Amino acid sequence: MVFPTASVPFRYPVAIPRLAMLFMLLLCAGTVQAQPVLSILPESTDCVSVLTSQAGGLYRACGPDWRFRRVAGAPDALPVALAESNRALILGTRTGIYQRPSGQTRWQRLSDQPTGALACHGARCVVRPFGQGPQRLSDGRLSPLQVRGLPDQPLQQFVIAGDGALYGAGMGAGVLWLKPGSDTWQPVGSGLGNGNVLALALADDGTLHAGTYGGGLYRLRPGESRWQRLSGLQAMQVTALAVSADGRRVLASVGDGVRESRDGGDNWRAVPELAGIPVLSLAFDGAGRA
């Protein structure tokens, strides 16, 4: 399962009720056609883009009416991931990587390599083409990361810290990180009871949350060396994560809906507005709103 934008921070206010409303607008309009939503991306233009799992299934809504319209000219290919870098939309698909600069309607093809994962933080972007290791995307060009220590299993999740540190995770791979200036991937902490990591999120203070397939949710705080299993969340399969900048609010998609914690992951409640909605991506804005 590819989950590229599980920890992309929302920079504009999209509260949970509005998020639910956006889902319902899409569903009622028949646009998603019962297809899972792969990514919800708040753009720096104060619009919101929604990527569904159908070919060409990219939709966009802007205020004040928040009416979703299909993005004309979007590549007619099976999508995988959507991100924003320097006000340009970056779209990863099964047939390549595309870019649409701000203010333009045409998409530029950057690569014909099928995308396995994609993550951006400001001007920094990392792409993992299918069957290959992670690569940097800069100025529209891909360049392999000349690093050692990659596991045999492909990394499917990436988050990029503000200092440029790169964290990666995947099924059977656990959680690894690449320090700025280093050429070797290293395991992050010990005691992660399940190495099948589907979702990864990073708070501003460096706290990591890892959602696993079959093992539940884990947390690793700065200065700690051992992952802590968050037993307050009873679900064992966590497919999406989002953590607020201060690390106190955590959202987790658990298959039958979304759970929310307001104390860093110790206690949880169901989010009724999103019950039964297939959510494959979650995020917070800079003000801590989901």
# chains A, B, ... in the order shown; residues from 1 in each chain; ligands from 1

$ residues_around --residues "Val50 in chain A" --least-positions-apart "4" --cutoff "9 Å" --atoms "only C-alpha atoms" --output "JSON, numbers by chain"
{"A": [37, 38, 39, 40, 41, 42, 57, 58, 59, 60, 61, 68, 82]}

$ closest_residue --among "A:Asp205, A:Met171, A:Arg219, A:Leu145" --to "Asp183 in chain A" --atoms "only C-alpha atoms"
A:Leu145

$ residues_around --residues "Lys179 in chain A" --least-positions-apart "4" --cutoff "12 Å" --atoms "only C-alpha atoms" --output "number ranges by chain"
A: 147, 160-168, 183-188

$ write_last_selection --atoms "C-alpha atoms" --output "compact mmCIF listing (two decimals), in the first residue's frame"
# COMPACT_ATOMS: atom_id res chain seq x y z
CA VAL A 147 23.56 5.65 0.27
CA ILE A 160 11.39 14.85 5.72
CA ALA A 161 12.41 16.84 8.80
CA GLY A 162 13.05 20.56 8.73
CA ASP A 163 16.82 19.99 9.00
CA GLY A 164 16.76 17.70 5.96
CA ALA A 165 16.87 14.39 7.84
CA LEU A 166 14.99 11.72 5.90
CA TYR A 167 12.93 9.01 7.58
CA GLY A 168 11.70 5.96 5.70
CA ASP A 183 25.46 8.11 3.36
CA THR A 184 24.09 5.25 5.50
CA TRP A 185 20.52 4.38 6.49
CA GLN A 186 20.27 3.47 10.17
CA PRO A 187 17.46 1.85 12.20
CA VAL A 188 15.45 4.21 14.38

$ residues_around --residues "range 103-114 of chain A" --least-positions-apart "5" --cutoff "10 Å" --atoms "only C-alpha atoms" --output "JSON, numbers by chain"
{"A": [45, 71, 72, 73, 74, 75, 78, 79, 80, 87, 88, 89, 90, 91, 92, 93, 94, 95, 96, 97, 98, 128, 129, 130, 131, 132, 137, 139, 140, 141, 142]}

$ residues_around --residues "Gly215 in chain A" --least-positions-apart "4" --cutoff "8 Å" --atoms "only C-alpha atoms" --output "ChimeraX atom specification"
/A:193-194,211,236-237
